[in-house]
Amino acid sequence: EAGVTQFPSHSVIEKGQTVTLRCDPISGHDNLYWYRRVMGKEIKFLLHFVKESKQDESGMPNNRFLAERTGGTYSTLKVQPAELEDSGVYFCASSQDRQGGTEAFFGQGTRLTVV
Amino acid sequence: AQSVTQLGSHVSVSEGALVLLRCNYSSSVPPYLFWYVQYPNQGLQLLLKYTSAATLVKGINGFEAEFKKSETSFHLTKPSAHMSDAAEYFCAVIRPGGYNKLIFGAGTRLAVHP
């Protein structure tokens, strides 16, 4: 069974450009999470989807970030326009249910560099 | 509010030595606790988790952790380090009922020397 897959693995863009990150969760996992790790700091929660609905988007930094999950399958995270402080590693995770203690499976992450 | 503190951003041990990675949490209610590991060029992988059952939790690759409520700690240990243990380790917490929203510590990078 395929794990959580993220595209691209690396992205280098200029300040002001737009970037779209994609996450394909494990098949059958209704819960999908986005996290971000800025250089040298802790991994921080961005948002949580249950199927196609946003359960919790309290971690989204500002309105330059837009997350979608069409049809409750894959998810995209768009940054528009990108700023230097958006650089970091973006992780996606999925889990079968949302009960605390259920294992969340992580993708390899997308390393975003804004120059 | 919940938080996680990992003491030591870098830990270095010799092959065969004890590994001890420290994690302290702050939570108003007993949380669920996790250790994740990230090997180079890979995603985060669950090592072990505590969900209010046994306080001593055994994980993969010979790691274990003990939940100590009185010390609000969940330190990760392995009796004998192997070169393949070199990675970054993350302690994380979830508040029960918190919909699996993980709150991470800053991570500890473990180096293992021959």
# chains A, B, ... in the order shown; residues from 1 in each chain; ligands from 1
$ select_by_dssp --residues "chain A" --states "strand (DSSP E or B)" --output "tab-separated table (two decimals) with all heavy atoms, in the first residue's frame"
chain	number	residue	atom	x	y	z
A	5	THR	N	2.03	10.68	-0.07
A	5	THR	CA	2.93	11.17	-1.10
A	5	THR	C	2.78	12.67	-1.26
A	5	THR	O	1.65	13.17	-1.31
A	5	THR	CB	2.62	10.48	-2.45
A	5	THR	OG1	2.61	9.06	-2.25
A	5	THR	CG2	3.69	10.80	-3.47
A	6	GLN	N	3.90	13.35	-1.33
A	6	GLN	CA	3.88	14.81	-1.49
A	6	GLN	C	4.68	15.20	-2.73
A	6	GLN	O	5.73	14.64	-3.02
A	6	GLN	CB	4.48	15.48	-0.26
A	6	GLN	CG	3.65	15.29	0.99
A	6	GLN	CD	4.17	16.12	2.15
A	6	GLN	OE1	4.61	15.60	3.16
A	6	GLN	NE2	4.13	17.44	1.99
A	7	PHE	N	4.15	16.21	-3.43
A	7	PHE	CA	4.80	16.74	-4.62
A	7	PHE	C	4.83	18.27	-4.54
A	7	PHE	O	3.88	18.87	-4.08
A	7	PHE	CB	4.02	16.37	-5.89
A	7	PHE	CG	3.81	14.91	-6.09
A	7	PHE	CD1	2.64	14.31	-5.67
A	7	PHE	CD2	4.78	14.13	-6.69
A	7	PHE	CE1	2.42	12.96	-5.84
A	7	PHE	CE2	4.57	12.78	-6.87
A	7	PHE	CZ	3.39	12.19	-6.45
A	10	HIS	N	11.02	19.31	-3.64
A	10	HIS	CA	11.69	20.59	-3.44
A	10	HIS	C	11.09	21.62	-4.40
A	10	HIS	O	10.71	21.28	-5.51
A	10	HIS	CB	13.20	20.49	-3.74
A	10	HIS	CG	13.95	19.62	-2.80
A	10	HIS	ND1	14.00	18.25	-2.94
A	10	HIS	CD2	14.69	19.92	-1.70
A	10	HIS	CE1	14.74	17.74	-1.97
A	10	HIS	NE2	15.17	18.72	-1.21
A	11	SER	N	11.06	22.86	-3.93
A	11	SER	CA	10.61	23.94	-4.79
A	11	SER	C	11.35	25.22	-4.40
A	11	SER	O	11.42	25.56	-3.21
A	11	SER	CB	9.10	24.16	-4.65
A	11	SER	OG	8.67	25.20	-5.48
A	12	VAL	N	11.92	25.86	-5.40
A	12	VAL	CA	12.59	27.14	-5.18
A	12	VAL	C	11.87	28.17	-6.03
A	12	VAL	O	11.78	28.02	-7.25
A	12	VAL	CB	14.09	27.08	-5.57
A	12	VAL	CG1	14.73	28.44	-5.30
A	12	VAL	CG2	14.81	25.99	-4.80
A	13	ILE	N	11.33	29.18	-5.38
A	13	ILE	CA	10.59	30.21	-6.11
A	13	ILE	C	11.05	31.58	-5.64
A	13	ILE	O	11.66	31.72	-4.58
A	13	ILE	CB	9.07	30.08	-5.92
A	13	ILE	CG1	8.70	30.26	-4.44
A	13	ILE	CG2	8.57	28.75	-6.45
A	13	ILE	CD1	7.21	30.36	-4.21
A	19	VAL	N	3.09	29.22	-5.43
A	19	VAL	CA	3.50	27.81	-5.41
A	19	VAL	C	2.34	26.98	-4.89
A	19	VAL	O	1.59	27.41	-4.01
A	19	VAL	CB	4.76	27.61	-4.53
A	19	VAL	CG1	4.49	27.95	-3.07
A	19	VAL	CG2	5.29	26.18	-4.66
A	20	THR	N	2.17	25.81	-5.48
A	20	THR	CA	1.13	24.89	-5.04
A	20	THR	C	1.76	23.57	-4.66
A	20	THR	O	2.47	22.95	-5.47
A	20	THR	CB	0.08	24.67	-6.14
A	20	THR	OG1	-0.52	25.93	-6.48
A	20	THR	CG2	-1.01	23.72	-5.66
A	21	LEU	N	1.52	23.16	-3.45
A	21	LEU	CA	2.01	21.89	-2.94
A	21	LEU	C	0.87	20.89	-2.96
A	21	LEU	O	-0.28	21.25	-2.69
A	21	LEU	CB	2.54	22.05	-1.50
A	21	LEU	CG	3.45	23.24	-1.24
A	21	LEU	CD1	3.89	23.26	0.22
A	21	LEU	CD2	4.63	23.26	-2.17
A	22	ARG	N	1.22	19.64	-3.24
A	22	ARG	CA	0.17	18.62	-3.31
A	22	ARG	C	0.46	17.49	-2.35
A	22	ARG	O	1.61	17.11	-2.13
A	22	ARG	CB	0.05	18.08	-4.73
A	22	ARG	CG	-0.90	16.86	-4.85
A	22	ARG	CD	-1.22	16.49	-6.24
A	22	ARG	NE	-1.92	15.21	-6.29
A	22	ARG	CZ	-2.81	14.88	-7.21
A	22	ARG	NH1	-3.14	15.75	-8.16
A	22	ARG	NH2	-3.39	13.69	-7.19
A	23	CYS	N	-0.60	16.92	-1.81
A	23	CYS	CA	-0.50	15.79	-0.89
A	23	CYS	C	-1.52	14.73	-1.28
A	23	CYS	O	-2.72	15.03	-1.37
A	23	CYS	CB	-0.73	16.23	0.55
A	23	CYS	SG	-0.91	14.84	1.71
A	24	ASP	N	-1.05	13.52	-1.47
A	24	ASP	CA	-1.94	12.38	-1.68
A	24	ASP	C	-1.91	11.52	-0.44
A	24	ASP	O	-0.88	10.91	-0.14
A	24	ASP	CB	-1.52	11.58	-2.91
A	24	ASP	CG	-1.86	12.29	-4.21
A	24	ASP	OD1	-1.17	13.28	-4.54
A	24	ASP	OD2	-2.81	11.87	-4.87
A	31	ASN	N	-8.92	11.70	7.23
A	31	ASN	CA	-8.29	12.84	7.92
A	31	ASN	C	-6.95	13.17	7.28
A	31	ASN	O	-6.09	12.29	7.11
A	31	ASN	CB	-8.09	12.50	9.40
A	31	ASN	CG	-9.40	12.33	10.11
A	31	ASN	OD1	-9.97	13.28	10.62
A	31	ASN	ND2	-9.91	11.10	10.11
A	32	LEU	N	-6.81	14.44	6.95
A	32	LEU	CA	-5.58	14.90	6.31
A	32	LEU	C	-5.13	16.16	7.03
A	32	LEU	O	-5.93	17.05	7.33
A	32	LEU	CB	-5.84	15.18	4.83
A	32	LEU	CG	-4.64	15.53	3.95
A	32	LEU	CD1	-4.86	15.05	2.52
A	32	LEU	CD2	-4.32	17.01	3.97
A	33	TYR	N	-3.84	16.22	7.31
A	33	TYR	CA	-3.26	17.33	8.09
A	33	TYR	C	-2.10	17.94	7.31
A	33	TYR	O	-1.35	17.24	6.65
A	33	TYR	CB	-2.72	16.83	9.44
A	33	TYR	CG	-3.68	16.00	10.24
A	33	TYR	CD1	-3.86	14.65	9.98
A	33	TYR	CD2	-4.42	16.57	11.29
A	33	TYR	CE1	-4.74	13.88	10.72
A	33	TYR	CE2	-5.30	15.80	12.03
A	33	TYR	CZ	-5.46	14.45	11.74
A	33	TYR	OH	-6.33	13.69	12.48
A	34	TRP	N	-1.95	19.24	7.45
A	34	TRP	CA	-0.77	19.94	6.96
A	34	TRP	C	-0.02	20.52	8.16
A	34	TRP	O	-0.62	21.08	9.08
A	34	TRP	CB	-1.15	21.08	6.02
A	34	TRP	CG	-1.55	20.65	4.64
A	34	TRP	CD1	-2.81	20.48	4.15
A	34	TRP	CD2	-0.67	20.37	3.55
A	34	TRP	NE1	-2.77	20.10	2.83
A	34	TRP	CE2	-1.47	20.03	2.44
A	34	TRP	CE3	0.72	20.37	3.38
A	34	TRP	CZ2	-0.93	19.69	1.19
A	34	TRP	CZ3	1.26	20.04	2.15
A	34	TRP	CH2	0.45	19.71	1.07
A	35	TYR	N	1.30	20.36	8.10
A	35	TYR	CA	2.19	20.92	9.11
A	35	TYR	C	3.32	21.64	8.38
A	35	TYR	O	3.60	21.39	7.22
A	35	TYR	CB	2.81	19.83	9.99
A	35	TYR	CG	1.85	19.12	10.91
A	35	TYR	CD1	1.09	18.03	10.49
A	35	TYR	CD2	1.71	19.53	12.24
A	35	TYR	CE1	0.23	17.37	11.34
A	35	TYR	CE2	0.85	18.87	13.12
A	35	TYR	CZ	0.11	17.79	12.65
A	35	TYR	OH	-0.75	17.15	13.52
A	36	ARG	N	4.01	22.51	9.12
A	36	ARG	CA	5.15	23.23	8.53
A	36	ARG	C	6.26	23.33	9.56
A	36	ARG	O	6.01	23.56	10.75
A	36	ARG	CB	4.72	24.63	8.10
A	36	ARG	CG	5.88	25.46	7.56
A	36	ARG	CD	5.41	26.79	7.04
A	36	ARG	NE	5.07	27.74	8.09
A	36	ARG	CZ	4.84	29.04	7.88
A	36	ARG	NH1	4.89	29.51	6.63
A	36	ARG	NH2	4.54	29.83	8.87
A	37	ARG	N	7.49	23.17	9.06
A	37	ARG	CA	8.65	23.39	9.92
A	37	ARG	C	9.51	24.48	9.29
A	37	ARG	O	10.11	24.27	8.24
A	37	ARG	CB	9.47	22.13	10.12
A	37	ARG	CG	10.56	22.33	11.17
A	37	ARG	CD	11.44	21.14	11.34
A	37	ARG	NE	12.24	21.26	12.56
A	37	ARG	CZ	13.30	20.51	12.83
A	37	ARG	NH1	13.69	19.58	11.96
A	37	ARG	NH2	13.96	20.68	13.96
A	43	ILE	N	7.94	21.76	14.42
A	43	ILE	CA	6.92	21.49	13.41
A	43	ILE	C	5.60	22.01	13.95
A	43	ILE	O	5.20	21.68	15.07
A	43	ILE	CB	6.82	19.97	13.15
A	43	ILE	CG1	8.16	19.43	12.67
A	43	ILE	CG2	5.72	19.68	12.14
A	43	ILE	CD1	8.24	17.91	12.65
A	44	LYS	N	4.93	22.82	13.14
A	44	LYS	CA	3.68	23.43	13.60
A	44	LYS	C	2.50	23.03	12.74
A	44	LYS	O	2.60	22.97	11.51
A	44	LYS	CB	3.81	24.95	13.62
A	44	LYS	CG	4.65	25.46	14.78
A	44	LYS	CD	4.47	26.96	14.99
A	44	LYS	CE	5.13	27.40	16.27
A	44	LYS	NZ	4.97	28.84	16.52
A	45	PHE	N	1.39	22.79	13.39
A	45	PHE	CA	0.14	22.44	12.75
A	45	PHE	C	-0.37	23.61	11.92
A	45	PHE	O	-0.34	24.77	12.37
A	45	PHE	CB	-0.88	22.08	13.83
A	45	PHE	CG	-2.29	21.95	13.37
A	45	PHE	CD1	-2.75	20.77	12.81
A	45	PHE	CD2	-3.18	23.01	13.50
A	45	PHE	CE1	-4.07	20.65	12.40
A	45	PHE	CE2	-4.50	22.90	13.09
A	45	PHE	CZ	-4.94	21.71	12.54
A	46	LEU	N	-0.85	23.31	10.71
A	46	LEU	CA	-1.48	24.32	9.87
A	46	LEU	C	-2.99	24.12	9.81
A	46	LEU	O	-3.75	25.01	10.18
A	46	LEU	CB	-0.90	24.30	8.45
A	46	LEU	CG	0.58	24.67	8.32
A	46	LEU	CD1	1.02	24.56	6.87
A	46	LEU	CD2	0.83	26.07	8.85
A	47	LEU	N	-3.42	22.94	9.34
A	47	LEU	CA	-4.85	22.69	9.29
A	47	LEU	C	-5.16	21.22	9.17
A	47	LEU	O	-4.29	20.39	8.91
A	47	LEU	CB	-5.52	23.47	8.15
A	47	LEU	CG	-5.55	22.86	6.76
A	47	LEU	CD1	-6.65	23.53	5.95
A	47	LEU	CD2	-4.23	22.97	6.07
A	48	HIS	N	-6.43	20.90	9.35
A	48	HIS	CA	-6.94	19.54	9.38
A	48	HIS	C	-8.21	19.46	8.54
A	48	HIS	O	-9.15	20.23	8.75
A	48	HIS	CB	-7.22	19.15	10.84
A	48	HIS	CG	-7.97	17.87	11.03
A	48	HIS	ND1	-8.73	17.63	12.15
A	48	HIS	CD2	-8.06	16.74	10.28
A	48	HIS	CE1	-9.26	16.41	12.09
A	48	HIS	NE2	-8.87	15.87	10.95
A	49	PHE	N	-8.20	18.52	7.59
A	49	PHE	CA	-9.40	18.21	6.81
A	49	PHE	C	-10.01	16.90	7.31
A	49	PHE	O	-9.30	15.94	7.61
A	49	PHE	CB	-9.03	17.98	5.33
A	49	PHE	CG	-8.77	19.22	4.53
A	49	PHE	CD1	-7.47	19.63	4.27
A	49	PHE	CD2	-9.82	19.96	4.00
A	49	PHE	CE1	-7.22	20.75	3.51
A	49	PHE	CE2	-9.57	21.09	3.24
A	49	PHE	CZ	-8.27	21.49	3.00
A	50	VAL	N	-11.33	16.87	7.34
A	50	VAL	CA	-12.05	15.61	7.44
A	50	VAL	C	-12.81	15.49	6.13
A	50	VAL	O	-13.71	16.28	5.84
A	50	VAL	CB	-13.02	15.58	8.63
A	50	VAL	CG1	-13.78	14.26	8.62
A	50	VAL	CG2	-12.28	15.77	9.94
A	53	SER	N	-13.94	18.69	4.10
A	53	SER	CA	-14.25	19.83	4.96
A	53	SER	C	-13.08	20.19	5.87
A	53	SER	O	-12.39	19.31	6.40
A	53	SER	CB	-15.47	19.51	5.83
A	53	SER	OG	-16.59	19.24	5.04
A	54	LYS	N	-12.90	21.48	6.08
A	54	LYS	CA	-11.87	21.95	7.00
A	54	LYS	C	-12.38	21.83	8.43
A	54	LYS	O	-13.32	22.52	8.81
A	54	LYS	CB	-11.50	23.40	6.68
A	54	LYS	CG	-10.79	23.55	5.35
A	54	LYS	CD	-10.54	25.00	5.00
A	54	LYS	CE	-9.94	25.10	3.60
A	54	LYS	NZ	-9.80	26.51	3.15
A	55	GLN	N	-11.76	20.95	9.21
A	55	GLN	CA	-12.14	20.74	10.60
A	55	GLN	C	-11.53	21.82	11.49
A	55	GLN	O	-12.14	22.30	12.44
A	55	GLN	CB	-11.67	19.36	11.06
A	55	GLN	CG	-11.85	19.08	12.54
A	55	GLN	CD	-13.30	18.91	12.93
A	55	GLN	OE1	-14.08	18.34	12.18
A	55	GLN	NE2	-13.67	19.43	14.09
A	56	ASP	N	-10.27	22.17	11.16
A	56	ASP	CA	-9.52	23.11	12.01
A	56	ASP	C	-8.47	23.76	11.14
A	56	ASP	O	-7.61	23.08	10.60
A	56	ASP	CB	-8.88	22.33	13.16
A	56	ASP	CG	-8.07	23.21	14.12
A	56	ASP	OD1	-7.86	24.41	13.83
A	56	ASP	OD2	-7.63	22.68	15.16
A	65	PHE	N	-2.24	31.84	2.33
A	65	PHE	CA	-2.25	30.38	2.28
A	65	PHE	C	-3.68	29.90	2.05
A	65	PHE	O	-4.60	30.30	2.76
A	65	PHE	CB	-1.73	29.80	3.60
A	65	PHE	CG	-0.26	29.97	3.80
A	65	PHE	CD1	0.27	31.21	4.15
A	65	PHE	CD2	0.61	28.91	3.63
A	65	PHE	CE1	1.64	31.39	4.32
A	65	PHE	CE2	1.98	29.06	3.81
A	65	PHE	CZ	2.49	30.30	4.15
A	66	LEU	N	-3.83	29.02	1.05
A	66	LEU	CA	-5.15	28.47	0.74
A	66	LEU	C	-5.02	26.97	0.58
A	66	LEU	O	-4.25	26.49	-0.26
A	66	LEU	CB	-5.71	29.09	-0.54
A	66	LEU	CG	-7.03	28.48	-1.02
A	66	LEU	CD1	-8.14	28.74	-0.01
A	66	LEU	CD2	-7.41	29.04	-2.39
A	67	ALA	N	-5.78	26.23	1.37
A	67	ALA	CA	-5.76	24.77	1.29
A	67	ALA	C	-7.10	24.28	0.78
A	67	ALA	O	-8.15	24.81	1.16
A	67	ALA	CB	-5.45	24.16	2.64
A	68	GLU	N	-7.02	23.25	-0.06
A	68	GLU	CA	-8.24	22.64	-0.58
A	68	GLU	C	-8.08	21.13	-0.58
A	68	GLU	O	-6.97	20.61	-0.64
A	68	GLU	CB	-8.52	23.15	-2.00
A	68	GLU	CG	-8.84	24.63	-2.07
A	68	GLU	CD	-9.11	25.10	-3.48
A	68	GLU	OE1	-8.43	24.64	-4.41
A	68	GLU	OE2	-10.02	25.94	-3.64
A	75	SER	N	-5.01	16.72	-1.50
A	75	SER	CA	-5.12	18.10	-1.02
A	75	SER	C	-4.03	18.95	-1.66
A	75	SER	O	-2.94	18.45	-1.99
A	75	SER	CB	-4.98	18.15	0.50
A	75	SER	OG	-4.95	19.48	0.97
A	76	THR	N	-4.33	20.22	-1.83
A	76	THR	CA	-3.32	21.18	-2.27
A	76	THR	C	-3.21	22.31	-1.27
A	76	THR	O	-4.19	22.66	-0.59
A	76	THR	CB	-3.68	21.77	-3.66
A	76	THR	OG1	-4.96	22.39	-3.59
A	76	THR	CG2	-3.68	20.67	-4.72
A	77	LEU	N	-2.03	22.85	-1.18
A	77	LEU	CA	-1.76	24.01	-0.35
A	77	LEU	C	-1.07	25.05	-1.24
A	77	LEU	O	0.03	24.82	-1.72
A	77	LEU	CB	-0.86	23.64	0.83
A	77	LEU	CG	-0.49	24.76	1.80
A	77	LEU	CD1	-1.73	25.31	2.51
A	77	LEU	CD2	0.52	24.28	2.84
A	78	LYS	N	-1.77	26.15	-1.45
A	78	LYS	CA	-1.25	27.20	-2.33
A	78	LYS	C	-0.77	28.36	-1.50
A	78	LYS	O	-1.46	28.79	-0.56
A	78	LYS	CB	-2.34	27.66	-3.31
A	78	LYS	CG	-1.87	28.74	-4.27
A	78	LYS	CD	-3.01	29.36	-5.07
A	78	LYS	CE	-3.59	28.44	-6.07
A	78	LYS	NZ	-4.59	29.12	-6.93
A	79	VAL	N	0.38	28.88	-1.87
A	79	VAL	CA	0.90	30.07	-1.23
A	79	VAL	C	1.00	31.16	-2.30
A	79	VAL	O	1.69	31.01	-3.30
A	79	VAL	CB	2.30	29.83	-0.62
A	79	VAL	CG1	2.76	31.06	0.16
A	79	VAL	CG2	2.28	28.60	0.29
A	88	GLY	N	10.51	26.76	4.27
A	88	GLY	CA	10.49	25.73	5.29
A	88	GLY	C	10.11	24.40	4.66
A	88	GLY	O	10.04	24.27	3.45
A	89	VAL	N	9.88	23.43	5.51
A	89	VAL	CA	9.43	22.12	5.03
A	89	VAL	C	7.97	21.94	5.39
A	89	VAL	O	7.59	22.11	6.56
A	89	VAL	CB	10.27	20.97	5.65
A	89	VAL	CG1	9.79	19.63	5.12
A	89	VAL	CG2	11.75	21.17	5.34
A	90	TYR	N	7.18	21.62	4.40
A	90	TYR	CA	5.74	21.43	4.58
A	90	TYR	C	5.45	19.93	4.58
A	90	TYR	O	5.75	19.24	3.61
A	90	TYR	CB	4.97	22.14	3.47
A	90	TYR	CG	5.04	23.64	3.60
A	90	TYR	CD1	6.20	24.33	3.23
A	90	TYR	CD2	3.98	24.37	4.11
A	90	TYR	CE1	6.30	25.71	3.37
A	90	TYR	CE2	4.06	25.75	4.26
A	90	TYR	CZ	5.22	26.40	3.89
A	90	TYR	OH	5.30	27.76	4.05
A	91	PHE	N	4.88	19.47	5.66
A	91	PHE	CA	4.55	18.05	5.82
A	91	PHE	C	3.04	17.86	5.70
A	91	PHE	O	2.26	18.66	6.20
A	91	PHE	CB	4.99	17.53	7.18
A	91	PHE	CG	6.48	17.44	7.37
A	91	PHE	CD1	7.14	18.41	8.10
A	91	PHE	CD2	7.19	16.39	6.84
A	91	PHE	CE1	8.51	18.34	8.29
A	91	PHE	CE2	8.57	16.31	7.02
A	91	PHE	CZ	9.22	17.29	7.76
A	92	CYS	N	2.70	16.75	5.11
A	92	CYS	CA	1.31	16.32	5.07
A	92	CYS	C	1.22	14.99	5.83
A	92	CYS	O	2.17	14.19	5.80
A	92	CYS	CB	0.87	16.14	3.63
A	92	CYS	SG	-0.79	15.49	3.42
A	93	ALA	N	0.12	14.78	6.50
A	93	ALA	CA	-0.10	13.52	7.21
A	93	ALA	C	-1.55	13.10	7.03
A	93	ALA	O	-2.43	13.94	6.81
A	93	ALA	CB	0.23	13.68	8.69
A	94	SER	N	-1.79	11.81	7.15
A	94	SER	CA	-3.17	11.34	7.10
A	94	SER	C	-3.39	10.27	8.16
A	94	SER	O	-2.45	9.60	8.60
A	94	SER	CB	-3.52	10.79	5.71
A	94	SER	OG	-2.87	9.56	5.45
A	95	SER	N	-4.64	10.14	8.58
A	95	SER	CA	-4.99	9.12	9.55
A	95	SER	C	-6.38	8.60	9.24
A	95	SER	O	-7.20	9.28	8.63
A	95	SER	CB	-4.92	9.65	10.99
A	95	SER	OG	-5.91	10.62	11.23
A	105	PHE	N	0.20	9.15	9.60
A	105	PHE	CA	1.28	8.76	8.70
A	105	PHE	C	1.71	10.00	7.92
A	105	PHE	O	0.88	10.66	7.30
A	105	PHE	CB	0.81	7.66	7.76
A	105	PHE	CG	0.48	6.37	8.46
A	105	PHE	CD1	-0.77	6.18	9.02
A	105	PHE	CD2	1.42	5.37	8.56
A	105	PHE	CE1	-1.08	5.00	9.68
A	105	PHE	CE2	1.12	4.18	9.21
A	105	PHE	CZ	-0.13	3.99	9.77
A	106	PHE	N	3.00	10.24	7.93
A	106	PHE	CA	3.54	11.46	7.32
A	106	PHE	C	4.16	11.19	5.95
A	106	PHE	O	4.76	10.13	5.72
A	106	PHE	CB	4.60	12.08	8.22
A	106	PHE	CG	4.03	12.86	9.37
A	106	PHE	CD1	3.54	12.21	10.49
A	106	PHE	CD2	3.97	14.25	9.32
A	106	PHE	CE1	3.00	12.93	11.55
A	106	PHE	CE2	3.44	14.98	10.38
A	106	PHE	CZ	2.96	14.32	11.48
A	110	THR	N	7.67	18.65	1.60
A	110	THR	CA	8.10	19.50	0.48
A	110	THR	C	8.96	20.61	1.07
A	110	THR	O	8.49	21.35	1.94
A	110	THR	CB	6.91	20.11	-0.26
A	110	THR	OG1	6.16	19.09	-0.90
A	110	THR	CG2	7.38	21.14	-1.29
A	111	ARG	N	10.19	20.68	0.59
A	111	ARG	CA	11.06	21.76	1.05
A	111	ARG	C	10.86	22.97	0.14
A	111	ARG	O	11.18	22.92	-1.05
A	111	ARG	CB	12.52	21.33	1.03
A	111	ARG	CG	13.48	22.41	1.55
A	111	ARG	CD	14.91	21.89	1.65
A	111	ARG	NE	15.02	20.82	2.62
A	111	ARG	CZ	15.16	20.99	3.94
A	111	ARG	NH1	15.20	22.22	4.42
A	111	ARG	NH2	15.27	19.97	4.75
A	112	LEU	N	10.32	24.03	0.70
A	112	LEU	CA	10.05	25.25	-0.06
A	112	LEU	C	11.09	26.30	0.31
A	112	LEU	O	11.30	26.59	1.48
A	112	LEU	CB	8.65	25.79	0.26
A	112	LEU	CG	8.29	27.14	-0.36
A	112	LEU	CD1	8.26	27.05	-1.88
A	112	LEU	CD2	6.96	27.64	0.18
A	113	THR	N	11.72	26.84	-0.72
A	113	THR	CA	12.68	27.92	-0.52
A	113	THR	C	12.20	29.12	-1.33
A	113	THR	O	12.02	29.03	-2.54
A	113	THR	CB	14.09	27.52	-0.98
A	113	THR	OG1	14.49	26.34	-0.28
A	113	THR	CG2	15.08	28.65	-0.70
A	114	VAL	N	11.99	30.22	-0.64
A	114	VAL	CA	11.59	31.46	-1.29
A	114	VAL	C	12.79	32.40	-1.28
A	114	VAL	O	13.34	32.69	-0.21
A	114	VAL	CB	10.38	32.11	-0.58
A	114	VAL	CG1	9.94	33.37	-1.32
A	114	VAL	CG2	9.23	31.12	-0.48
$ interface_residues --of "chain B" --to "chain A" --cutoff "8 Å" --atoms "only C-alpha atoms" --output "mmCIF file with N, CA and C atoms, in the first residue's frame"
data_model
loop_
_atom_site.group_PDB
_atom_site.id
_atom_site.type_symbol
_atom_site.label_atom_id
_atom_site.label_comp_id
_atom_site.auth_asym_id
_atom_site.auth_seq_id
_atom_site.Cartn_x
_atom_site.Cartn_y
_atom_site.Cartn_z
ATOM 1 N N TYR B 32 -2.010 12.462 25.273
ATOM 2 C CA TYR B 32 -1.399 11.367 24.533
ATOM 3 C C TYR B 32 -0.021 11.860 24.087
ATOM 4 N N ASN B 41 16.284 12.368 4.481
ATOM 5 C CA ASN B 41 15.529 12.283 3.221
ATOM 6 C C ASN B 41 14.270 11.417 3.325
ATOM 7 N N GLN B 42 13.760 11.290 4.540
ATOM 8 C CA GLN B 42 12.522 10.535 4.709
ATOM 9 C C GLN B 42 11.500 11.358 5.484
ATOM 10 N N GLY B 43 10.270 10.850 5.532
ATOM 11 C CA GLY B 43 9.235 11.520 6.310
ATOM 12 C C GLY B 43 9.309 11.120 7.771
ATOM 13 N N LEU B 44 8.397 11.651 8.555
ATOM 14 C CA LEU B 44 8.333 11.313 9.968
ATOM 15 C C LEU B 44 7.736 9.917 10.140
ATOM 16 N N GLN B 45 8.341 9.150 11.029
ATOM 17 C CA GLN B 45 7.877 7.785 11.283
ATOM 18 C C GLN B 45 7.597 7.638 12.771
ATOM 19 N N LEU B 46 6.465 7.042 13.104
ATOM 20 C CA LEU B 46 6.114 6.863 14.504
ATOM 21 C C LEU B 46 7.020 5.815 15.149
ATOM 22 N N LYS B 49 4.020 5.385 21.089
ATOM 23 C CA LYS B 49 3.018 6.326 21.595
ATOM 24 C C LYS B 49 2.481 5.861 22.944
ATOM 25 N N TYR B 50 2.091 6.828 23.755
ATOM 26 C CA TYR B 50 1.452 6.577 25.034
ATOM 27 C C TYR B 50 0.028 7.114 24.953
ATOM 28 N N THR B 51 -0.936 6.218 25.242
ATOM 29 C CA THR B 51 -2.346 6.634 25.184
ATOM 30 C C THR B 51 -3.086 6.185 26.430
ATOM 31 N N ILE B 94 -0.819 15.253 22.096
ATOM 32 C CA ILE B 94 -2.190 15.535 21.665
ATOM 33 C C ILE B 94 -3.055 15.579 22.916
ATOM 34 N N ARG B 95 -3.899 16.564 22.984
ATOM 35 C CA ARG B 95 -4.869 16.599 24.065
ATOM 36 C C ARG B 95 -5.973 15.604 23.745
ATOM 37 N N PRO B 96 -6.346 14.733 24.699
ATOM 38 C CA PRO B 96 -7.454 13.814 24.447
ATOM 39 C C PRO B 96 -8.677 14.570 23.954
ATOM 40 N N GLY B 97 -9.234 14.094 22.870
ATOM 41 C CA GLY B 97 -10.351 14.802 22.250
ATOM 42 C C GLY B 97 -9.898 15.881 21.310
ATOM 43 N N GLY B 98 -8.577 15.948 21.096
ATOM 44 C CA GLY B 98 -8.022 17.037 20.297
ATOM 45 C C GLY B 98 -7.854 16.713 18.842
ATOM 46 N N TYR B 99 -8.610 15.727 18.356
ATOM 47 C CA TYR B 99 -8.653 15.424 16.938
ATOM 48 C C TYR B 99 -7.285 15.202 16.312
ATOM 49 N N ASN B 100 -6.413 14.563 17.037
ATOM 50 C CA ASN B 100 -5.130 14.161 16.462
ATOM 51 C C ASN B 100 -4.263 15.329 16.013
ATOM 52 N N LYS B 101 -4.493 16.510 16.522
ATOM 53 C CA LYS B 101 -3.671 17.669 16.189
ATOM 54 C C LYS B 101 -2.406 17.593 17.046
ATOM 55 N N LEU B 102 -1.288 17.295 16.395
ATOM 56 C CA LEU B 102 -0.034 17.095 17.103
ATOM 57 C C LEU B 102 0.642 18.423 17.418
ATOM 58 N N ILE B 103 1.147 18.534 18.622
ATOM 59 C CA ILE B 103 1.977 19.671 19.019
ATOM 60 C C ILE B 103 3.375 19.111 19.259
ATOM 61 N N PHE B 104 4.330 19.595 18.487
ATOM 62 C CA PHE B 104 5.680 19.039 18.484
ATOM 63 C C PHE B 104 6.650 19.854 19.323
ATOM 64 N N GLY B 105 7.663 19.138 19.814
ATOM 65 C CA GLY B 105 8.835 19.820 20.332
ATOM 66 C C GLY B 105 9.734 20.220 19.181
ATOM 67 N N ALA B 106 10.823 20.897 19.513
ATOM 68 C CA ALA B 106 11.711 21.446 18.487
ATOM 69 C C ALA B 106 12.603 20.397 17.826
ATOM 70 N N GLY B 107 12.620 19.195 18.381
ATOM 71 C CA GLY B 107 13.418 18.132 17.784
ATOM 72 C C GLY B 107 14.799 18.005 18.413
#
$ select_by_dssp --residues "chain B" --states "helix (DSSP H, G or I)" --output "ChimeraX atom specification"
/B:60-62,69-71,83-85
$ atom_distance --atom1 "CA of Glu64 in chain B" --atom2 "CA of Asp30 in chain A"
29.9 Å
$ residues_around --residues "Phe63 in chain B" --least-positions-apart "5" --cutoff "7 Å" --atoms "only C-alpha atoms" --output "PyMOL selection string"
chain B and resi 58+76-78
